[in-house]
Amino acid sequence: MLFLLLSWPAFAQTRKITGTVTDSSTGSALPGVTVRILNTQNGTQTDAKGNFLLQTETTGAVTLQVSYLGYANLQKTVTGNTAGIIQMSPEINNINEVVVVGYGEVKKRDLTGSVVSIKGDEVTKIPSTNVMESLQGKIPGADIVRSNGSSNAGTTVLLRGHRSLAGGNDPLYIVDGAIYSHIEDLNPADVQSMEVLKDASATAIYGSRGANGVIIVTTKSGTLGAPKVSLNVYGGLTDVAEYPHYMTGPEYVAFQRQAYRTTGKWNSEADDPNIFNAAELADIKNNTWTNYRDLLIHRGNEQNYEINISGGSEKTKAFFSAGFNRNKGLFKFDHTNKYTARLNIIHNISNLFQAGMNSQITFYDISSESDPLNEANKIIPLGAAYDSTGALAIYPENGPQLNPLVNEAIPNNYADNTKASRLLTTAFVQITPLEGLSLRSNISVTLNNSREGIFNGRYSLDRNGGDPRSQYQSSRGTDILWENILTYKKQLGNHHFTLTGVTSYQSDQSDNGNGQGDGQLIPSQLYYGLGNATTGLVASTGYVETKLISFTGRLNYDWKGKYLLTLTGRTDGSSKLAPGNKWAFFPSAAAAWRISQENFLANSKTVSNLKLRASYGVAGNDPLDAYSIQSLLTNISFGYGETSAPGYGFSPQIGNKDLKWELSATKDIGLDFGLWNDRVSASVDWYDTRTSDLLLPRLLPTSTGVQSVVQNIGKTRNTGIEVSLSTVNIQSGAIKWTSSVTFTSNKEEIVSLATGGQNDIADGWFIGHPTAVFYDYQKVGIWQTDQADEAAKYGQTPGTIHVKDEDGDGKITTSDRSILGAAVPKWSGGLSNTISYKGFDLNVYVFARIGQMINANYLRFKSGTYENQAMHDYWTPENETNAFPRPNSNGGLQYLSTLQYVSGSFAKIRLISLGYTLPKSLTDSWKMRNLRIYVTAKDPFTFSSTQNYDPERGGSENFPMTKSFLVGANIDF
Amino acid sequence: MKLNIHSYILPIVTLALLASSCNKQLEQYNPGGLTAEAVFSTPEGFETLVNAAYSYERWWYGKEEGYCASEMGTDIWDAGQAAPDPGLTDYVNLQGSDDYLTGLWQDLYAAVNICNYGIVYVDKAGLAPAMKTTRLAELRFLRAFYYWHITETWGASPMPLTPTEGIETTASKVSVDSIYQQIFNDLTFADDNLPVTTGDYGRVTKPAAEAFLARMYLTRGMNQQASDMADKVINNYGFHLVQHYADLWPMDKMAAAEDSEVIYAVNYTENKSLDDAQDDILFPFGHSRGGNNGHLDFLMKYDDQPGMQRSIEYGRPFVRFMPTRFLLELFNDKIDARYTGSFQTAWYCNNAATAPAGMQPGDTAVVVTKEAVSQQERDSKPYRIYDINDTYNSDGSVKDNQHFVQLSKFMDPTRSSINEQVSARDVFVIRLAEMYLIAGEAQFKMNNPQKAADYINVVRERAALPGDQALMEVKPADITLDFIMDEWAREFAGEQLRWFTLKREDKLIDRVKAGNPNAAAGIQSYHTLRPIPQTELDAVTNPNDFKQNPGYQ
């Protein structure tokens with residue numbers, strides 16, 4: 001937006017117009033307001049005190065156009081040299097907001113596509129180091145899930161369901177015009193706005209890149225006038241949210257006794273020596289047992305500091321920020337330090353030229369934990385973690401399992417440190433040779449550098465008695481995006497045209513080098529003395545390159561702002577696809593009708609805004625992997641005698657020489673409306689996406705000697721509705737209560753597969769069902785004692801799992817498997833309530849995902865093994881439950897997987913935040929513009945049908961989800 | 001306005017440049033990747049194919065998966081406390097979902113695929129004619145070798161003879177007879193063209209191909225050919241039996257055994273970088289454990305006994321597999337050296353801290369015996385005794401699955417640490433002793449008991465304790481098929497032959513029922529074939545033609 005505010009040549013100007021812009025409700029000065037003489041490019045911005053000065057040669061009455069984000073635009077006619085005080089009203093109605101779309105920006109009211117816009121203050125409301133985490137539940141149609149509970153966990157973002165299986169499903173992130181997949185690098189406080197583009201007409205200009213939706217992030221830019229400083233600080237504690245109960249020593253002993261009782265080897269405690277070894281017997285006698293999980297999980301903490309400074313003159317504006325975040329996870333070696341810095345500069349070289357550069361550097365210092373809980377959940381609880389001298393028992397009770405504490409308790413036994421830096425620089429030059437015509441050339445470069453050093457000592461979880469191993473892995477990457485954008489705006493009477501043309505060249509290239517050596521003599525050298533390895537010193541390097549070339553054109557047309565039309569065409573060429581199939585054309589068209597502009601609604605007191613939108617477009621997807629068309633070889637280490645004889649075998653994935661674009665055609669119909677002066681505003685979208693030539697990583701019969709291929713097979717369809725609704729419930733005096741609701745329901749189904757009309761059981765793909773389903777036997781219960789005869793017909797005995805004879809043929813065969821549920825939710829939604837009273841503000845945000853099924857690892861039933869497990873309600877002759885089967889020391893129980901499918905539905909209170917903004921009188925005396933302090937609870941409560949388990953984790957037991965309590969302050973000077 | 005002209009030129013030039021160079025720009029560049037066309041078309045590259053073709057043997061030999069598929073579920077082994085696969089050890093709900101069989105199927109067919117590529121494209125590799133013939137012969141031996149494992153395990157199975165170069169989604173079964181026909185074709189070619197010796201230990205040689213051919217003839221009931229071929233191997237190549245059976249197994253005598261008795265072995269290396277353990281750099285799709293794992297699987301739980309602690313010498317006890325009572329009782333240990341040559345029955349104190357009063361390091365700490373020991377005798381000893389009745393019930397079923405007479409053949413005290421899982425022990429796939437038993441069994445089946453006895457007695461004579469040769473000698477009249485089956489067990493227990501030996505003579509079901517009460521409860525007549533992996537059945541697009549083996553779900 002700033003680029004458009006070009007100053008007109010300043011010669012021969014005599015008249016100076018001054019004025020002050022204030023907020024109509026509070027009376028306080030508004031800095032950074034754009035004041036422009038109507039229909040000219042002559043404009044300026046207010047300074048920190050709300051004052052502006054405009055120079056013009058025009059004499060007589062001039063009309064000033066005053067605009068400011070979040071406030072209603074207004075015009076004021078001035079005849080003299082002073083405009084006086086201009087009062088602006090905050091906008092409830094946000095349809096005049098400017099929204100960033102691909103390669104341009106439009107007013108929200110002029111949108112023809114489905115776009116959701118989030119402002120920066122929404123992002124910083126949830127204290128988080130990842131902007132996407134702050135958006136959970138705020139964007140209808142977006143399914144945003146925290147990946148896990150570790151300190152450097154990312155988020156998984158899915159817009160409108162899975163379209164693709166082999167292509168990526170991640171949306172495209174555009175940061176200040178640059179493609180940037182590492183959204184987590186952004187400092188949330190740097191965000192000015194984020195727009196989420198979902199339908200094909202909105203994303204079509206990104207062609208193949210936009211098939212999974214586009215998220216455009218605009219970072220803050222400098223503001224005119226005196227420098228402004230903002231400070232955001234928070235800190236707090238992190239705890240494990242929920243975790244399943246694993247068997248204690250006595251529970252484990254009871255379970256094993258039952259297991260051997262079943263096989264007749266245990267009848268009373270006198271038989272214990274037959275089933276426990278000598279050390280275990282002593283432990284049972286002394287009641288010695290260990291809860292390793294409690295020893296491993298510590299309380300985490302987080303601290304975060306951000307500072308940003310913005311300022312500028314008519315010629316040059318700058319925004320600078322720096323941030324530091326330290327997040328210590330639940331495990332000793334799980335901590336992440338993130339350092340960020342950003343500098344955005346924009347400079348008006350002359351009336352014709354503007355240039356600017358946005359750059360961001362992010363540096364991570366990450367210590368990663370391997371997975372100690374996996375071991376902790378497995379190891380027999382009997383015995384002590386430390387022996388009588390206080391030394392760690394490496395193999396407690398000389399058992400087969402390594403002590404899960406080895407990594408953290410043995411000095412210099414484990415290290416995994418990543419130091420990664422990423423630099424994103426976008427530079428542009430823009431020329432405006434004629435009224436309405438602009439040419440812009442953007443070049444963005446992302447430089448990645450990362451190195452990971454890993455050391456695993458002899459008794460680390462990874463080496464488990466093998467030689468110590470050091471690894472050093474470094475990688476670098478250069479992503480270059482060069483785009484040239486031509487924009488031409490023309491008005492002919494009531495017809496408004498905007499033409500946009502884009503050429504785009506993208507080249508992503510990376511290479512890496514890895515070294516590894518074994519048998520290091522001095523553990524404290526960690527990964528720094530790789531050359532000192534006594535054996536197995538090896539190295540490897542790798543290279544990946546992909547390219548994408550595109551040409552795009554777009555026409556935006558409207559008549560009187562009532563009837564809107566957008567036509568887009570883009571052609572993309574991808575290096576990942578087979579020769580002859582590299583290019584594809586992606587067209588789209590969208591239309592909108594602003595009904596509220598029609599005469600019959602113009603004076604309506606009820607309807608303040610009404611817009612109908614319809615669009616159709618095609619987007620594409622190429623495979624994730626750069627080289628899916630090639631059949632590659634893979635190393636095999638081998639030798640004759642002691643002589644090296646390296647081998648190359650076929651990679652498990654075979655190349656596909658016919659690979660082509662996956663195409664998604666989307667219809668979208670949307671309605672935006674506002675009632676009672678937008679006290680209630682809502683947006684509803686219905687969409688239907690049909691994907692053809694679906695890219696699938698398909699399992700092949702392994703008798704072919706290979707295991708999988710990426711193939712264009714089949715069609716999927718995603719239909720759904722998305723609703724967002726905002727209401728101002730109470731607005732009287734000091735109290736204001738607003739609510740917003742988002743709701744998404746997506747139905748995903750496979751329409752056809754390459755197998756013809758046949759389902760692909762190996763991959764779990766079934767026509768008419770979502771792409772990720774659970775296909776297995778259906779558990780009915782446990783065979784009970786009085787069902788012994790019936791059970792015997794199926795070769796089962798009381799206490800074993802009773803599964804449904806789906807086809808009723810009197811025996812259980814693989815054809816009795818059925819689809820039990822899907823991994824995708826039926827619907828998800830969020831409800832946010834904000835109540836403000838005087839200086840206080842309270843925000844409560846509830847999020848729900850309903851209808852998905854998870855395969856919960858902790859429900860794994862282990863029988864006939866000497867491993868621990870979660871405490872199950874298992875069957876014994878005295879406890880005829882239908883939950884879990886009877887333990888059996890011989891193992892071999894059938895259908896155990898059926899125990900693990902459970903509902904993953906959950907509702908969460910994602911956030912409770914209470915803030916207090918100190919009175920202005922007080923802060924003014926402290927020379928502050930604003931001071932808000934707050935306390936926040938993140939994820940404090942979860943409601944689900946799984947016991948002691950947070951289903952958001954998706955079934956895994958590792959890196960459990962966390963809840964945190966934070967205290968923070970936002971300070972503006 | 002000069003500036004304006006430039007500003008037009010920039011995008012126009014850009015467009016023109018991009019358009020002309022677009023297609024060239026979009027060509028794939030993958031300097032780090034290797035393709036078969038590029039690598040296997042050079043002599044050096046072709047060698048890596050042949051090396052790879054051998055490497056798949058390691059997925060079966062010396063691995064838990066291989067032991068389960070080749071030794072377990074027979075009359076001689078039962079499940080130890082930590083048995084990994086009750087389906088294969090005791091036929092408890094053995095189904096197509098079995099992980100071990102799924103993995104072995106995949107690895108065997110991956111091996112076949114790489115052999116097929118080499119066999120089809122060997123002409124393009126630019127090898128010198130003599131070398132080309134040798135490598136082709138090796139690949140054809142390997143293909144036959146892998147197909148033998150496939151067809152004996154699963155019966156009628158897919159039999160691709162060309163490499164998979166496109167997307168194949170169907171599979172069809174080829175009869176066992178046809179697969180054997182192919183095996184014989186390949187082996188005959190190998191026999192005709194392989195060199196008699198090799199400098200690369202682990203490569204197949206002419207005698208190895210002939211020895212394997214002898215095994216194939218016997219398997220197919222071609223007894224005369226089997227006997228003749230075994231004779232050829234016995235007489236023509238200078239192999240001889242190691243003098244003492246027990247000397248086959250110590251790590252420091254392995255090379256000597258390989259010089260005299262071993263005809264074909266799967267090579268493992270001391271250099272771990274040549275090993276098959278999964279490694280992101282060296283072997284991205286390698287085995288999760290790597291190396292020979294026999295030293296782990298057969299050990300009993302000794303390290304919690306009074307006076308004992310885990311040591312490199314005694315190994316890391318995985319307690320996976322234990323002998324059946326039946327196996328132990330096959331041995332007359334008074335005259336047959338193979339009992340002490342195969343099993344460990346005593347452990348000597350290595351931990352004074354837990355030793356009972358009066359026991360010094362080096363004293364006997366634990367004895368496990370196949371005899372019965374009286375209470376009186378136990379009371380008189382300071383050490384722990386597990387006798388036959390402690391370990392087994394009288395019907396042969398297992399009472400104590402932690403403490404048993406353990407197979408010691410594969411122990412490896414040369415590993416670098418107590419808990420090191422990788423052993424460099426080579427796996428003896430074919431020993432000369434097998435040739436004698438093959439010839440003996442073939443002669444017996446041709447009703448020549450005298451000749452049968454002559455062959456078998458060579459093996460028994462070597463097995464005899466000093467001075468007991470006469471006692472060990474078997475009379476022609478005493479030879480029965482069951483005696484021969486017993487002799488295979490005494491000579492080759494644990495050497496990944498048992499399941500095939502019993503299946504060959506249709507003895508699997510009967511002898512499991514007779515010797516292994518735990519497995520007897522599960523075994524059914526259809527268990528002479530293993531279930532085809534469910535992943536295979538689910539992935540084929542012709543499920544109506546390609547079906548599970550009978551009896552399985």
# chains A, B, ... in the order shown; residues from 1 in each chain; ligands from 1
call {"tool": "closest_atom_pairs", "arguments": {"of": "chain A", "to": "chain B", "cutoff": "6 Å", "atoms": "only C-alpha atoms", "output": "Markdown table"}}
result
| residue | atom | partner | partner_atom | distance |
| --- | --- | --- | --- | --- |
| A:Asn274 | CA | B:Asp400 | CA | 5.9 |
| A:Pro433 | CA | B:Asn4 | CA | 5.8 |
| A:Gly465 | CA | B:Asn419 | CA | 4.7 |
| A:Gly466 | CA | B:Glu420 | CA | 4.9 |
| A:Gly536 | CA | B:Ser273 | CA | 5.2 |
| A:Gly542 | CA | B:Gly32 | CA | 5.2 |
| A:Tyr543 | CA | B:Gly32 | CA | 5.4 |
| A:Ser575 | CA | B:Leu26 | CA | 4.4 |
| A:Leu632 | CA | B:Thr35 | CA | 4.8 |
| A:Leu633 | CA | B:Leu34 | CA | 5.4 |
| A:Asn635 | CA | B:Phe283 | CA | 5.3 |
| A:Ile636 | CA | B:Phe283 | CA | 4.8 |
| A:Ser637 | CA | B:Leu274 | CA | 4.9 |
| A:Phe638 | CA | B:Leu274 | CA | 4.6 |
| A:Gly639 | CA | B:Leu274 | CA | 5.5 |
| A:Tyr640 | CA | B:Tyr201 | CA | 4.9 |
| A:Gly641 | CA | B:Tyr201 | CA | 4.7 |
| A:Glu642 | CA | B:Thr269 | CA | 5.7 |
| A:Pro646 | CA | B:Thr48 | CA | 5.9 |
| A:Gly647 | CA | B:Thr48 | CA | 4.2 |
| A:Tyr648 | CA | B:Thr48 | CA | 5.5 |
| A:Gly649 | CA | B:Ala52 | CA | 5.7 |
| A:Leu700 | CA | B:Ala539 | CA | 5.6 |
| A:Pro701 | CA | B:Glu536 | CA | 4.8 |
| A:Thr702 | CA | B:Gln106 | CA | 5.3 |
| A:Ser703 | CA | B:Tyr109 | CA | 5.3 |
| A:Gly705 | CA | B:Ala110 | CA | 3.8 |
| A:Ile761 | CA | B:Asp538 | CA | 5.1 |
| A:Ala762 | CA | B:Asp538 | CA | 4.5 |
| A:Thr813 | CA | B:Gln553 | CA | 4.4 |
| A:Thr814 | CA | B:Gln553 | CA | 5.6 |
| A:Gly892 | CA | B:Val92 | CA | 5.5 |
call {"tool": "residues_around", "arguments": {"residues": "region 224-232 of chain B", "least_positions_apart": "6", "cutoff": "8 Å", "atoms": "only C-alpha atoms", "output": "list of chain:residue names"}}
result
B:Glu210, B:Ala211, B:Leu213, B:Ala214, B:Arg215, B:Met216, B:Tyr217, B:Leu218, B:Met435, B:Tyr436, B:Ile438, B:Ala439, B:Gly440, B:Ala442, B:Gln443, B:Met446
call {"tool": "atom_distance", "arguments": {"atom1": "CA of Trp60 (chain B)", "atom2": "CA of His149 (chain B)"}}
result
9.3 Å
call {"tool": "select_by_dssp", "arguments": {"residues": "region 489-696 of chain A", "states": "strand (DSSP E or B)", "output": "number ranges by chain"}}
result
A: 489-492, 495-518, 535-559, 563-574, 583-594, 607-621, 623, 632-636, 639-640, 643-644, 647-650, 653-654, 662-675, 680-692, 695-696
call {"tool": "write_last_selection", "arguments": {"atoms": "C-alpha atoms", "output": "CSV table (one decimal), in the first residue's frame"}}
result
chain,number,residue,atom,x,y,z
A,489,LYS,CA,-5.4,0.2,-14.0
A,490,LYS,CA,-7.9,2.0,-16.2
A,491,GLN,CA,-11.2,3.5,-15.6
A,492,LEU,CA,-13.6,4.1,-18.5
A,495,HIS,CA,-16.0,0.4,-15.9
A,496,HIS,CA,-12.9,-0.3,-13.9
A,497,PHE,CA,-10.2,-2.5,-15.2
A,498,THR,CA,-7.0,-3.8,-13.7
A,499,LEU,CA,-4.7,-5.9,-15.7
A,500,THR,CA,-1.9,-7.9,-14.1
A,501,GLY,CA,0.8,-9.8,-15.9
A,502,VAL,CA,3.5,-11.8,-14.1
A,503,THR,CA,6.6,-13.8,-15.1
A,504,SER,CA,8.0,-16.0,-12.5
A,505,TYR,CA,11.2,-18.0,-12.3
A,506,GLN,CA,11.9,-20.1,-9.3
A,507,SER,CA,14.9,-22.2,-8.7
A,508,ASP,CA,15.4,-24.1,-5.4
A,509,GLN,CA,18.7,-25.8,-5.0
A,510,SER,CA,20.3,-27.5,-2.0
A,511,ASP,CA,23.1,-29.7,-1.2
A,512,ASN,CA,24.4,-31.4,1.9
A,513,GLY,CA,27.3,-33.2,3.3
A,514,ASN,CA,27.2,-35.8,6.0
A,515,GLY,CA,30.0,-37.4,7.9
A,516,GLN,CA,30.0,-40.2,10.4
A,517,GLY,CA,32.5,-42.1,12.5
A,518,ASP,CA,32.4,-44.8,15.1
A,535,THR,CA,36.3,-47.1,12.7
A,536,GLY,CA,33.5,-46.5,10.2
A,537,LEU,CA,34.6,-43.1,9.1
A,538,VAL,CA,32.3,-42.4,6.1
A,539,ALA,CA,30.9,-39.4,4.3
A,540,SER,CA,28.2,-38.6,1.8
A,541,THR,CA,26.9,-35.7,-0.1
A,542,GLY,CA,23.7,-35.0,-1.9
A,543,TYR,CA,22.1,-32.5,-4.2
A,544,VAL,CA,18.5,-31.6,-5.0
A,545,GLU,CA,17.3,-29.0,-7.5
A,546,THR,CA,13.9,-28.1,-8.7
A,547,LYS,CA,12.7,-25.4,-11.0
A,548,LEU,CA,9.4,-23.8,-11.8
A,549,ILE,CA,8.7,-21.3,-14.6
A,550,SER,CA,5.4,-19.5,-14.9
A,551,PHE,CA,3.6,-16.9,-17.0
A,552,THR,CA,0.4,-15.4,-15.6
A,553,GLY,CA,-2.2,-12.9,-16.6
A,554,ARG,CA,-5.2,-11.5,-14.7
A,555,LEU,CA,-8.0,-9.2,-15.5
A,556,ASN,CA,-10.1,-7.6,-12.7
A,557,TYR,CA,-13.2,-5.8,-13.9
A,558,ASP,CA,-16.0,-4.1,-12.1
A,559,TRP,CA,-18.9,-2.0,-13.0
A,563,TYR,CA,-20.6,-6.3,-10.5
A,564,LEU,CA,-17.2,-7.8,-10.2
A,565,LEU,CA,-15.3,-10.1,-12.4
A,566,THR,CA,-11.8,-11.7,-12.2
A,567,LEU,CA,-10.3,-13.8,-15.0
A,568,THR,CA,-6.9,-15.5,-14.5
A,569,GLY,CA,-4.7,-17.7,-16.6
A,570,ARG,CA,-1.4,-19.1,-15.6
A,571,THR,CA,0.9,-21.6,-17.2
A,572,ASP,CA,3.5,-23.5,-15.2
A,573,GLY,CA,6.4,-25.7,-16.2
A,574,SER,CA,7.9,-27.9,-13.6
A,583,TRP,CA,3.6,-27.7,-18.7
A,584,ALA,CA,0.1,-27.1,-17.7
A,585,PHE,CA,-2.4,-24.2,-18.0
A,586,PHE,CA,-4.5,-23.2,-15.0
A,587,PRO,CA,-7.5,-21.0,-15.8
A,588,SER,CA,-10.0,-19.5,-13.5
A,589,ALA,CA,-13.0,-17.1,-13.5
A,590,ALA,CA,-14.8,-15.5,-10.6
A,591,ALA,CA,-17.7,-13.1,-10.4
A,592,ALA,CA,-19.3,-11.2,-7.5
A,593,TRP,CA,-22.4,-9.2,-7.1
A,594,ARG,CA,-22.6,-6.6,-4.4
A,607,VAL,CA,-28.8,-5.2,5.6
A,608,SER,CA,-25.6,-3.2,5.7
A,609,ASN,CA,-23.6,-5.4,3.3
A,610,LEU,CA,-24.6,-8.3,1.0
A,611,LYS,CA,-22.4,-9.9,-1.6
A,612,LEU,CA,-22.7,-13.0,-3.6
A,613,ARG,CA,-19.6,-14.6,-5.0
A,614,ALA,CA,-19.1,-17.5,-7.5
A,615,SER,CA,-15.9,-18.9,-8.9
A,616,TYR,CA,-14.4,-21.7,-10.8
A,617,GLY,CA,-10.8,-22.5,-11.4
A,618,VAL,CA,-8.2,-25.1,-11.9
A,619,ALA,CA,-5.1,-25.5,-9.9
A,620,GLY,CA,-2.3,-28.0,-10.1
A,621,ASN,CA,0.1,-30.0,-8.0
A,623,PRO,CA,5.1,-34.2,-6.7
A,632,LEU,CA,17.3,-44.6,-8.6
A,633,LEU,CA,19.8,-46.9,-7.0
A,634,THR,CA,20.6,-47.1,-3.3
A,635,ASN,CA,23.8,-48.0,-1.5
A,636,ILE,CA,24.3,-51.4,0.0
A,639,GLY,CA,32.2,-57.1,1.4
A,640,TYR,CA,33.9,-60.3,0.4
A,643,THR,CA,37.4,-56.5,1.4
A,644,SER,CA,34.9,-53.8,0.6
A,647,GLY,CA,26.7,-52.7,-4.0
A,648,TYR,CA,23.9,-50.7,-5.6
A,649,GLY,CA,20.4,-52.1,-5.4
A,650,PHE,CA,17.1,-50.7,-6.6
A,653,GLN,CA,10.4,-46.6,-5.0
A,654,ILE,CA,10.5,-47.1,-8.7
A,662,GLU,CA,-2.4,-33.3,-10.7
A,663,LEU,CA,-5.3,-31.0,-11.5
A,664,SER,CA,-7.9,-29.7,-9.0
A,665,ALA,CA,-11.0,-27.9,-10.3
A,666,THR,CA,-12.9,-26.0,-7.7
A,667,LYS,CA,-16.3,-24.4,-7.7
A,668,ASP,CA,-17.0,-22.0,-4.9
A,669,ILE,CA,-20.1,-20.1,-4.1
A,670,GLY,CA,-19.9,-17.6,-1.3
A,671,LEU,CA,-22.2,-15.1,0.5
A,672,ASP,CA,-20.9,-12.3,2.6
A,673,PHE,CA,-23.4,-10.3,4.6
A,674,GLY,CA,-23.5,-7.7,7.3
A,675,LEU,CA,-26.6,-6.8,9.4
A,680,VAL,CA,-23.5,-9.1,12.8
A,681,SER,CA,-21.3,-10.0,9.9
A,682,ALA,CA,-20.8,-13.4,8.3
A,683,SER,CA,-19.3,-15.1,5.4
A,684,VAL,CA,-20.5,-18.5,4.1
A,685,ASP,CA,-18.8,-20.5,1.4
A,686,TRP,CA,-19.7,-23.8,-0.2
A,687,TYR,CA,-17.1,-25.4,-2.4
A,688,ASP,CA,-16.6,-28.5,-4.5
A,689,THR,CA,-13.1,-29.5,-5.5
A,690,ARG,CA,-12.6,-32.3,-8.0
A,691,THR,CA,-9.1,-33.5,-8.3
A,692,SER,CA,-8.0,-35.6,-11.2
A,695,LEU,CA,-0.6,-38.0,-7.4
A,696,LEU,CA,-0.4,-41.1,-5.3
call {"tool": "select_by_dssp", "arguments": {"residues": "region 307-446 of chain A", "states": "helix (DSSP H, G or I)", "output": "ChimeraX atom specification"}}
result
/A:372-378,396-398,406-409
call {"tool": "write_last_selection", "arguments": {"atoms": "C-alpha atoms", "output": "JSON list (two decimals), in the first residue's frame"}}
result
[["chain", "number", "residue", "atom", "x", "y", "z"],
["A", 372, "PRO", "CA", 13.16, -41.55, 25.69],
["A", 373, "LEU", "CA", 9.46, -42.11, 26.32],
["A", 374, "ASN", "CA", 9.39, -44.91, 23.80],
["A", 375, "GLU", "CA", 11.92, -46.74, 25.98],
["A", 376, "ALA", "CA", 10.31, -45.63, 29.22],
["A", 377, "ASN", "CA", 6.99, -47.06, 28.13],
["A", 378, "LYS", "CA", 8.59, -50.35, 27.18],
["A", 396, "PRO", "CA", 18.28, -52.37, 35.05],
["A", 397, "GLU", "CA", 18.19, -55.84, 36.56],
["A", 398, "ASN", "CA", 20.38, -57.01, 33.68],
["A", 406, "VAL", "CA", 21.04, -43.20, 29.94],
["A", 407, "ASN", "CA", 21.08, -40.22, 27.60],
["A", 408, "GLU", "CA", 20.54, -37.68, 30.29],
["A", 409, "ALA", "CA", 22.18, -39.34, 33.27]]
call {"tool": "atom_distance", "arguments": {"atom1": "CA of Ala477 (chain B)", "atom2": "CA of Asn447 (chain B)"}}
result
11.2 Å
call {"tool": "residues_around", "arguments": {"residues": "Asp478 (chain B)", "least_positions_apart": "4", "cutoff": "9 Å", "atoms": "only C-alpha atoms", "output": "PyMOL selection string"}}
result
chain B and resi 449+453+474+483
call {"tool": "atom_distance", "arguments": {"atom1": "CA of Tyr121 (chain B)", "atom2": "CA of Tyr147 (chain B)"}}
result
19.9 Å
call {"tool": "residues_around", "arguments": {"residues": "Tyr339 (chain B)", "least_positions_apart": "4", "cutoff": "12 Å", "atoms": "only C-alpha atoms", "output": "list in words"}}
result
Tyr245, Ala246, Leu327, Leu328, Glu329, Leu330, Phe331, Asn332, Asp333, Lys334, Ile335, Phe343, Gln344, Thr345, Thr369, Lys370, Val405, Gln406, Leu407, Ser408, Lys409, Ala463, Ala464, Leu465, Ala489, Arg490, Glu491, Phe492 and Ala493 of chain B
call {"tool": "residues_around", "arguments": {"residues": "Leu248 (chain B)", "least_positions_apart": "5", "cutoff": "10 Å", "atoms": "only C-alpha atoms", "output": "PyMOL selection string"}}
result
chain B and resi 241-243+253-258+261-262+341-342+409+428
